[in-house]
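The next block is coords.pdb, given as PDB, C-alpha atoms.
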ATOM      1  CA  ASP D  16     -76.073 346.794   0.249  1.00  0.00           C
ATOM      2  CA  THR D  17     -76.944 343.135   0.105  1.00  0.00           C
ATOM      3  CA  GLY D  18     -75.057 340.453  -1.738  1.00  0.00           C
ATOM      4  CA  VAL D  19     -76.458 337.705  -3.897  1.00  0.00           C
ATOM      5  CA  SER D  20     -79.319 335.853  -2.240  1.00  0.00           C
ATOM      6  CA  GLN D  21     -80.746 332.459  -3.057  1.00  0.00           C
ATOM      7  CA  ASP D  22     -83.923 330.736  -1.997  1.00  0.00           C
ATOM      8  CA  PRO D  23     -84.434 328.137  -0.680  1.00  0.00           C
ATOM      9  CA  ARG D  24     -81.156 327.254   1.000  1.00  0.00           C
ATOM     10  CA  HIS D  25     -82.061 323.601   1.154  1.00  0.00           C
ATOM     11  CA  LYS D  26     -84.486 321.454  -0.805  1.00  0.00           C
ATOM     12  CA  ILE D  27     -85.300 317.784  -0.402  1.00  0.00           C
ATOM     13  CA  THR D  28     -87.503 316.260  -3.071  1.00  0.00           C
ATOM     14  CA  LYS D  29     -88.504 312.901  -4.414  1.00  0.00           C
ATOM     15  CA  ARG D  30     -87.337 311.622  -7.750  1.00  0.00           C
ATOM     16  CA  GLY D  31     -89.632 312.758 -10.528  1.00  0.00           C
ATOM     17  CA  GLN D  32     -90.775 315.970  -8.835  1.00  0.00           C
ATOM     18  CA  ASN D  33     -90.145 319.444 -10.202  1.00  0.00           C
ATOM     19  CA  VAL D  34     -88.184 322.027  -8.239  1.00  0.00           C
ATOM     20  CA  THR D  35     -87.578 325.735  -8.728  1.00  0.00           C
ATOM     21  CA  PHE D  36     -84.824 327.863  -7.250  1.00  0.00           C
ATOM     22  CA  ARG D  37     -84.641 331.632  -7.121  1.00  0.00           C
ATOM     23  CA  CYS D  38     -81.637 333.953  -7.245  1.00  0.00           C
ATOM     24  CA  ASP D  39     -81.559 337.680  -6.538  1.00  0.00           C
ATOM     25  CA  PRO D  40     -78.311 339.246  -7.782  1.00  0.00           C
ATOM     26  CA  ILE D  41     -76.495 342.332  -6.551  1.00  0.00           C
ATOM     27  CA  SER D  42     -78.774 345.118  -7.722  1.00  0.00           C
ATOM     28  CA  GLU D  43     -76.428 346.954 -10.072  1.00  0.00           C
ATOM     29  CA  HIS D  44     -75.118 343.778 -11.722  1.00  0.00           C
ATOM     30  CA  ASN D  45     -76.368 343.039 -15.221  1.00  0.00           C
ATOM     31  CA  ARG D  46     -74.949 339.524 -15.537  1.00  0.00           C
ATOM     32  CA  LEU D  47     -76.282 336.531 -13.652  1.00  0.00           C
ATOM     33  CA  TYR D  48     -74.816 333.022 -13.668  1.00  0.00           C
ATOM     34  CA  TRP D  49     -75.861 329.568 -12.513  1.00  0.00           C
ATOM     35  CA  TYR D  50     -73.321 326.938 -11.490  1.00  0.00           C
ATOM     36  CA  ARG D  51     -73.615 323.480 -10.001  1.00  0.00           C
ATOM     37  CA  GLN D  52     -71.184 321.967  -7.513  1.00  0.00           C
ATOM     38  CA  THR D  53     -70.923 318.349  -6.484  1.00  0.00           C
ATOM     39  CA  LEU D  54     -68.835 316.942  -3.669  1.00  0.00           C
ATOM     40  CA  GLY D  55     -65.095 317.205  -4.211  1.00  0.00           C
ATOM     41  CA  GLN D  56     -65.399 319.241  -7.391  1.00  0.00           C
ATOM     42  CA  GLY D  57     -65.246 322.880  -8.291  1.00  0.00           C
ATOM     43  CA  PRO D  58     -68.392 324.659  -9.443  1.00  0.00           C
ATOM     44  CA  GLU D  59     -69.421 323.869 -13.029  1.00  0.00           C
ATOM     45  CA  PHE D  60     -70.993 326.458 -15.282  1.00  0.00           C
ATOM     46  CA  LEU D  61     -74.606 325.895 -16.290  1.00  0.00           C
ATOM     47  CA  THR D  62     -75.871 329.088 -17.918  1.00  0.00           C
ATOM     48  CA  TYR D  63     -75.722 332.867 -17.784  1.00  0.00           C
ATOM     49  CA  PHE D  64     -77.784 335.935 -18.588  1.00  0.00           C
ATOM     50  CA  GLN D  65     -76.926 339.456 -19.534  1.00  0.00           C
ATOM     51  CA  ASN D  66     -79.958 341.467 -18.511  1.00  0.00           C
ATOM     52  CA  GLU D  67     -82.873 339.274 -19.615  1.00  0.00           C
ATOM     53  CA  ALA D  68     -81.050 337.538 -22.462  1.00  0.00           C
ATOM     54  CA  GLN D  69     -79.719 334.026 -21.900  1.00  0.00           C
ATOM     55  CA  LEU D  70     -76.334 334.180 -23.618  1.00  0.00           C
ATOM     56  CA  GLU D  71     -74.906 330.712 -23.073  1.00  0.00           C
ATOM     57  CA  LYS D  72     -75.985 327.287 -21.883  1.00  0.00           C
ATOM     58  CA  SER D  73     -73.649 324.460 -20.957  1.00  0.00           C
ATOM     59  CA  ARG D  74     -73.957 320.990 -22.415  1.00  0.00           C
ATOM     60  CA  LEU D  75     -74.500 319.973 -18.784  1.00  0.00           C
ATOM     61  CA  LEU D  76     -77.877 321.673 -18.918  1.00  0.00           C
ATOM     62  CA  SER D  77     -80.225 318.941 -20.104  1.00  0.00           C
ATOM     63  CA  ASP D  78     -83.706 319.594 -21.464  1.00  0.00           C
ATOM     64  CA  ARG D  79     -85.068 319.077 -17.957  1.00  0.00           C
ATOM     65  CA  PHE D  80     -83.363 322.275 -16.833  1.00  0.00           C
ATOM     66  CA  SER D  81     -84.677 325.709 -17.684  1.00  0.00           C
ATOM     67  CA  ALA D  82     -83.606 329.116 -16.463  1.00  0.00           C
ATOM     68  CA  GLU D  83     -85.266 332.486 -16.847  1.00  0.00           C
ATOM     69  CA  ARG D  84     -84.552 336.084 -15.991  1.00  0.00           C
ATOM     70  CA  PRO D  85     -87.716 337.756 -17.229  1.00  0.00           C
ATOM     71  CA  LYS D  86     -87.109 341.335 -16.159  1.00  0.00           C
ATOM     72  CA  GLY D  87     -83.354 341.327 -16.013  1.00  0.00           C
ATOM     73  CA  SER D  88     -83.357 341.228 -12.226  1.00  0.00           C
ATOM     74  CA  PHE D  89     -83.981 337.969 -10.341  1.00  0.00           C
ATOM     75  CA  SER D  90     -83.641 334.579 -12.008  1.00  0.00           C
ATOM     76  CA  THR D  91     -85.228 331.172 -11.554  1.00  0.00           C
ATOM     77  CA  LEU D  92     -83.772 327.765 -12.299  1.00  0.00           C
ATOM     78  CA  GLU D  93     -86.281 324.947 -12.716  1.00  0.00           C
ATOM     79  CA  ILE D  94     -85.484 321.263 -12.823  1.00  0.00           C
ATOM     80  CA  GLN D  95     -88.259 319.035 -14.125  1.00  0.00           C
ATOM     81  CA  ARG D  96     -88.578 315.328 -13.342  1.00  0.00           C
ATOM     82  CA  THR D  97     -85.671 315.401 -10.926  1.00  0.00           C
ATOM     83  CA  GLU D  98     -83.207 312.513 -10.839  1.00  0.00           C
ATOM     84  CA  GLN D  99     -80.889 311.419  -8.045  1.00  0.00           C
ATOM     85  CA  GLY D 100     -77.953 312.649 -10.124  1.00  0.00           C
ATOM     86  CA  ASP D 101     -79.325 316.173  -9.848  1.00  0.00           C
ATOM     87  CA  SER D 102     -78.388 316.237  -6.159  1.00  0.00           C
ATOM     88  CA  ALA D 103     -75.845 319.028  -5.821  1.00  0.00           C
ATOM     89  CA  MET D 104     -75.294 322.580  -4.615  1.00  0.00           C
ATOM     90  CA  TYR D 105     -76.747 325.071  -7.084  1.00  0.00           C
ATOM     91  CA  LEU D 106     -74.886 328.358  -6.984  1.00  0.00           C
ATOM     92  CA  CYS D 107     -75.876 331.700  -8.410  1.00  0.00           C
ATOM     93  CA  ALA D 108     -73.429 334.518  -9.077  1.00  0.00           C
ATOM     94  CA  SER D 109     -73.608 338.003 -10.510  1.00  0.00           C
ATOM     95  CA  SER D 110     -71.234 340.498 -12.053  1.00  0.00           C
ATOM     96  CA  SER D 111     -71.197 343.729 -13.997  1.00  0.00           C
ATOM     97  CA  THR D 112     -69.941 344.318 -17.520  1.00  0.00           C
ATOM     98  CA  MET D 113     -69.504 347.980 -16.667  1.00  0.00           C
ATOM     99  CA  THR D 114     -66.339 347.345 -14.704  1.00  0.00           C
ATOM    100  CA  SER D 115     -62.823 346.153 -15.325  1.00  0.00           C
ATOM    101  CA  GLY D 116     -59.885 344.731 -13.472  1.00  0.00           C
ATOM    102  CA  SER D 117     -60.658 342.938 -10.260  1.00  0.00           C
ATOM    103  CA  LEU D 118     -64.285 344.000 -10.567  1.00  0.00           C
ATOM    104  CA  LEU D 119     -64.655 341.385 -13.315  1.00  0.00           C
ATOM    105  CA  ALA D 120     -65.090 338.968 -10.443  1.00  0.00           C
ATOM    106  CA  GLN D 121     -68.330 337.098 -10.055  1.00  0.00           C
ATOM    107  CA  TYR D 122     -69.931 337.267  -6.623  1.00  0.00           C
ATOM    108  CA  PHE D 123     -71.676 334.176  -5.381  1.00  0.00           C
ATOM    109  CA  GLY D 124     -74.734 333.573  -3.286  1.00  0.00           C
ATOM    110  CA  PRO D 125     -74.886 330.985  -0.485  1.00  0.00           C
ATOM    111  CA  GLY D 126     -76.266 328.302  -2.792  1.00  0.00           C
ATOM    112  CA  THR D 127     -79.245 325.970  -2.728  1.00  0.00           C
ATOM    113  CA  ARG D 128     -78.469 322.431  -1.677  1.00  0.00           C
ATOM    114  CA  LEU D 129     -80.706 319.953  -3.481  1.00  0.00           C
ATOM    115  CA  LEU D 130     -81.166 316.372  -2.366  1.00  0.00           C
ATOM    116  CA  VAL D 131     -83.204 314.081  -4.590  1.00  0.00           C
ATOM    117  CA  LEU D 132     -84.372 310.926  -2.846  1.00  0.00           C
TER     118      LEU D 132
ATOM    119  CA  ASP C  68     -61.162 317.772 -20.167  1.00  0.00           C
ATOM    120  CA  GLN C  69     -59.978 319.618 -17.070  1.00  0.00           C
ATOM    121  CA  GLN C  70     -58.721 322.993 -18.266  1.00  0.00           C
ATOM    122  CA  VAL C  71     -57.909 324.243 -14.771  1.00  0.00           C
ATOM    123  CA  LYS C  72     -56.198 321.846 -12.400  1.00  0.00           C
ATOM    124  CA  GLN C  73     -55.354 321.977  -8.738  1.00  0.00           C
ATOM    125  CA  ASN C  74     -53.286 318.885  -8.195  1.00  0.00           C
ATOM    126  CA  SER C  75     -52.990 319.091  -4.428  1.00  0.00           C
ATOM    127  CA  PRO C  76     -56.276 318.161  -2.763  1.00  0.00           C
ATOM    128  CA  SER C  77     -55.073 319.344   0.633  1.00  0.00           C
ATOM    129  CA  LEU C  78     -52.424 321.417   2.378  1.00  0.00           C
ATOM    130  CA  SER C  79     -51.623 321.804   6.063  1.00  0.00           C
ATOM    131  CA  VAL C  80     -49.490 324.645   7.470  1.00  0.00           C
ATOM    132  CA  GLN C  81     -48.706 326.132  10.851  1.00  0.00           C
ATOM    133  CA  GLU C  82     -50.191 329.439  11.882  1.00  0.00           C
ATOM    134  CA  GLY C  83     -47.885 332.311  10.963  1.00  0.00           C
ATOM    135  CA  ARG C  84     -46.189 330.412   8.146  1.00  0.00           C
ATOM    136  CA  ILE C  85     -46.696 330.863   4.402  1.00  0.00           C
ATOM    137  CA  SER C  86     -49.373 328.909   2.555  1.00  0.00           C
ATOM    138  CA  ILE C  87     -48.764 328.323  -1.155  1.00  0.00           C
ATOM    139  CA  LEU C  88     -51.612 327.010  -3.262  1.00  0.00           C
ATOM    140  CA  ASN C  89     -50.919 326.018  -6.842  1.00  0.00           C
ATOM    141  CA  CYS C  90     -52.953 325.904 -10.020  1.00  0.00           C
ATOM    142  CA  ASP C  91     -52.163 324.849 -13.585  1.00  0.00           C
ATOM    143  CA  TYR C  92     -54.142 325.535 -16.733  1.00  0.00           C
ATOM    144  CA  THR C  93     -54.067 324.296 -20.282  1.00  0.00           C
ATOM    145  CA  ASN C  94     -55.933 326.919 -22.326  1.00  0.00           C
ATOM    146  CA  SER C  95     -53.724 329.768 -23.480  1.00  0.00           C
ATOM    147  CA  MET C  96     -56.870 331.785 -24.304  1.00  0.00           C
ATOM    148  CA  PHE C  97     -57.526 332.399 -20.622  1.00  0.00           C
ATOM    149  CA  ASP C  98     -56.799 336.050 -19.914  1.00  0.00           C
ATOM    150  CA  TYR C  99     -58.029 336.521 -16.374  1.00  0.00           C
ATOM    151  CA  PHE C 100     -57.629 334.372 -13.279  1.00  0.00           C
ATOM    152  CA  LEU C 101     -59.283 334.482  -9.880  1.00  0.00           C
ATOM    153  CA  TRP C 102     -58.996 332.788  -6.515  1.00  0.00           C
ATOM    154  CA  TYR C 103     -62.004 332.012  -4.372  1.00  0.00           C
ATOM    155  CA  LYS C 104     -62.300 330.747  -0.817  1.00  0.00           C
ATOM    156  CA  LYS C 105     -65.166 328.528   0.252  1.00  0.00           C
ATOM    157  CA  TYR C 106     -66.376 327.551   3.687  1.00  0.00           C
ATOM    158  CA  PRO C 107     -68.742 324.580   4.099  1.00  0.00           C
ATOM    159  CA  ALA C 108     -72.390 325.343   3.317  1.00  0.00           C
ATOM    160  CA  GLU C 109     -71.514 328.754   1.848  1.00  0.00           C
ATOM    161  CA  GLY C 110     -70.935 330.062  -1.643  1.00  0.00           C
ATOM    162  CA  PRO C 111     -67.395 330.849  -2.862  1.00  0.00           C
ATOM    163  CA  THR C 112     -66.003 334.200  -1.755  1.00  0.00           C
ATOM    164  CA  PHE C 113     -63.829 336.185  -4.154  1.00  0.00           C
ATOM    165  CA  LEU C 114     -60.285 336.731  -2.850  1.00  0.00           C
ATOM    166  CA  ILE C 115     -57.982 338.118  -5.494  1.00  0.00           C
ATOM    167  CA  SER C 116     -57.531 338.162  -9.245  1.00  0.00           C
ATOM    168  CA  ILE C 117     -54.851 338.718 -11.869  1.00  0.00           C
ATOM    169  CA  SER C 118     -54.861 339.685 -15.498  1.00  0.00           C
ATOM    170  CA  SER C 119     -52.698 337.738 -17.916  1.00  0.00           C
ATOM    171  CA  ILE C 120     -50.744 340.901 -18.711  1.00  0.00           C
ATOM    172  CA  LYS C 121     -49.386 340.916 -15.161  1.00  0.00           C
ATOM    173  CA  ASP C 122     -47.238 338.477 -13.257  1.00  0.00           C
ATOM    174  CA  LYS C 123     -48.109 339.497  -9.719  1.00  0.00           C
ATOM    175  CA  ASN C 124     -50.970 341.030  -7.787  1.00  0.00           C
ATOM    176  CA  GLU C 125     -50.962 341.684  -4.069  1.00  0.00           C
ATOM    177  CA  ASP C 126     -53.766 342.446  -1.630  1.00  0.00           C
ATOM    178  CA  GLY C 127     -52.864 342.435   2.022  1.00  0.00           C
ATOM    179  CA  ARG C 128     -51.800 338.954   3.084  1.00  0.00           C
ATOM    180  CA  PHE C 129     -52.709 337.509  -0.316  1.00  0.00           C
ATOM    181  CA  THR C 130     -50.457 337.532  -3.387  1.00  0.00           C
ATOM    182  CA  VAL C 131     -51.142 335.814  -6.673  1.00  0.00           C
ATOM    183  CA  PHE C 132     -48.311 335.002  -9.076  1.00  0.00           C
ATOM    184  CA  LEU C 133     -48.806 334.135 -12.734  1.00  0.00           C
ATOM    185  CA  ASN C 134     -46.261 332.340 -14.928  1.00  0.00           C
ATOM    186  CA  LYS C 135     -47.767 332.372 -18.419  1.00  0.00           C
ATOM    187  CA  SER C 136     -45.008 330.398 -20.050  1.00  0.00           C
ATOM    188  CA  ALA C 137     -45.556 327.570 -17.584  1.00  0.00           C
ATOM    189  CA  LYS C 138     -49.352 328.085 -17.525  1.00  0.00           C
ATOM    190  CA  HIS C 139     -49.129 328.137 -13.752  1.00  0.00           C
ATOM    191  CA  LEU C 140     -50.413 330.385 -11.018  1.00  0.00           C
ATOM    192  CA  SER C 141     -50.073 330.335  -7.277  1.00  0.00           C
ATOM    193  CA  LEU C 142     -51.676 331.986  -4.289  1.00  0.00           C
ATOM    194  CA  HIS C 143     -49.467 332.929  -1.353  1.00  0.00           C
ATOM    195  CA  ILE C 144     -50.966 333.667   2.039  1.00  0.00           C
ATOM    196  CA  VAL C 145     -48.601 335.276   4.525  1.00  0.00           C
ATOM    197  CA  PRO C 146     -48.921 334.958   7.450  1.00  0.00           C
ATOM    198  CA  SER C 147     -51.437 332.131   7.522  1.00  0.00           C
ATOM    199  CA  GLN C 148     -54.155 332.316  10.143  1.00  0.00           C
ATOM    200  CA  PRO C 149     -56.523 329.612  11.469  1.00  0.00           C
ATOM    201  CA  GLY C 150     -59.440 331.508   9.910  1.00  0.00           C
ATOM    202  CA  ASP C 151     -57.887 330.900   6.500  1.00  0.00           C
ATOM    203  CA  SER C 152     -58.791 327.218   6.800  1.00  0.00           C
ATOM    204  CA  ALA C 153     -61.164 326.598   3.897  1.00  0.00           C
ATOM    205  CA  VAL C 154     -61.299 325.197   0.375  1.00  0.00           C
ATOM    206  CA  TYR C 155     -59.537 327.391  -2.172  1.00  0.00           C
ATOM    207  CA  PHE C 156     -60.538 327.383  -5.818  1.00  0.00           C
ATOM    208  CA  CYS C 157     -58.555 328.679  -8.728  1.00  0.00           C
ATOM    209  CA  ALA C 158     -60.676 329.846 -11.679  1.00  0.00           C
ATOM    210  CA  ALA C 159     -60.177 331.279 -15.146  1.00  0.00           C
ATOM    211  CA  ILE C 160     -62.565 333.389 -17.193  1.00  0.00           C
ATOM    212  CA  LEU C 161     -63.468 332.119 -20.656  1.00  0.00           C
ATOM    213  CA  THR C 162     -66.146 333.858 -22.735  1.00  0.00           C
ATOM    214  CA  GLY C 163     -67.593 335.333 -19.570  1.00  0.00           C
ATOM    215  CA  LYS C 164     -67.939 332.161 -17.553  1.00  0.00           C
ATOM    216  CA  LEU C 165     -65.685 330.819 -14.819  1.00  0.00           C
ATOM    217  CA  ILE C 166     -63.799 327.563 -15.254  1.00  0.00           C
ATOM    218  CA  PHE C 167     -62.868 326.214 -11.829  1.00  0.00           C
ATOM    219  CA  GLY C 168     -60.228 323.835 -10.584  1.00  0.00           C
ATOM    220  CA  GLN C 169     -61.143 321.026  -8.205  1.00  0.00           C
ATOM    221  CA  GLY C 170     -60.085 322.949  -5.124  1.00  0.00           C
ATOM    222  CA  THR C 171     -57.434 322.599  -2.414  1.00  0.00           C
ATOM    223  CA  THR C 172     -58.414 322.244   1.223  1.00  0.00           C
ATOM    224  CA  LEU C 173     -56.159 324.392   3.400  1.00  0.00           C
ATOM    225  CA  GLN C 174     -55.831 323.668   7.093  1.00  0.00           C
ATOM    226  CA  VAL C 175     -53.966 326.192   9.212  1.00  0.00           C
ATOM    227  CA  LYS C 176     -53.000 324.740  12.564  1.00  0.00           C
ATOM    228  CA  PRO C 177     -52.718 326.991  15.626  1.00  0.00           C
TER     229      PRO C 177
END

Starting from the coordinates I provided, produce the structure as structure tokens.
Amino acid sequence: DTGVSQDPRHKITKRGQNVTFRCDPISEHNRLYWYRQTLGQGPEFLTYFQNEAQLEKSRLLSDRFSAERPKGSFSTLEIQRTEQGDSAMYLCASSSTMTSGSLLAQYFGPGTRLLVL
Amino acid sequence: DQQVKQNSPSLSVQEGRISILNCDYTNSMFDYFLWYKKYPAEGPTFLISISSIKDKNEDGRFTVFLNKSAKHLSLHIVPSQPGDSAVYFCAAILTGKLIFGQGTTLQVKP
């Protein structure tokens, strides 16, 4: 059994370029989440999917950000026309709605660290 | 508007002693709380959780206490070990998403 995986682990790009990150959740999990973490802060929610449906988007998610989960399995997060303020750790997590109690927990991947020059 | 707050940025304890990490929240609609541990360059790792209908949950060396009237929860680690040194995040679930505190860096000295 593998956990949540993310690719790439690190990305350096120039301002104005587009970047795309991929997340593969735990296979039996139907919910997938994207968070962003900057230095000295806790992760901040960006968006989440239940199966292929995007159920909620944060106000933090500007029009330059788009996320998809086309087949209800892996997800991609694209940032268009990157800005230096987009530099952060982008975290993906997954969970299952079929469980209760402590299994409500979301399980995180290792993250993708983005640096925009 | 910080709904989950961890007011101590750092904590240092001796190996073998108890570590107590605190967390306060403002939204009475939160009904489930979790603690995560994070090492540098890794994603957060789930540690322990508690439902708002309980006041205590224990898992090995980790115990979480919830005081709903005070809107306060704490994580106790006994005994603390050097490998526990990490950043600890308190989080609450609201409409499916996690709301995190700012984190507390725990250092356990040998």

**Report entry** Resolved residues for the PyMOL selection byres ((chain C) within 8 of (chain D)) as a PyMOL selection string
**Finding:** chain C and resi 101+108-113+115-118+156+164-170

Query raised in the report: Of the candidates D:Val34, D:Ile27, D:Met113, D:Leu92, which shows the shortest atom-to-atom distance to D:Gln65, using only C-alpha atoms?
Result: D:Met113

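The shell of residues at most 10 Å from C:Ala137, with all atoms listed in the file counted and near chain neighbours (fewer than 2 positions) removed, consists of Asp91, Tyr92, Thr93, Leu133, Asn134, Lys135, His139 and Leu140 of chain C.
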
Query raised in the report: Taking (-52.2, 332.4, -5.7) in the file's coordinates as the center, which residues reach within 6 Å of it, counting all atoms listed in the file, put as an NGL selection string?
Result: :C and (88 or 130-132 or 140-143)

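With the shown file loaded, the PyMOL selection byres ((chain C and resi 175) around 9) picks out Leu78, Ser79, Val80, Gln81, Glu82, Gly83, Arg84, Ser86, Ser147, Gln148, Pro149, Gly150, Asp151, Ser152, Ala153, Leu173, Gln174, Lys176 and Pro177 of chain C.
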
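Take atom CA of D:Gly31 and atom CA of D:Asp78: the distance between them is 14.2 Å.
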
Show me, as lines of an AutoDock Vina configuration file, the centre and edge lengths in Å to one decimal of the axis-aligned box that covers every listed atom of stretch 104-116 of chain C with 4 Å on each side.
center_x = -65.0
center_y = 331.4
center_z = -2.6
size_x = 22.9
size_y = 21.6
size_z = 21.3
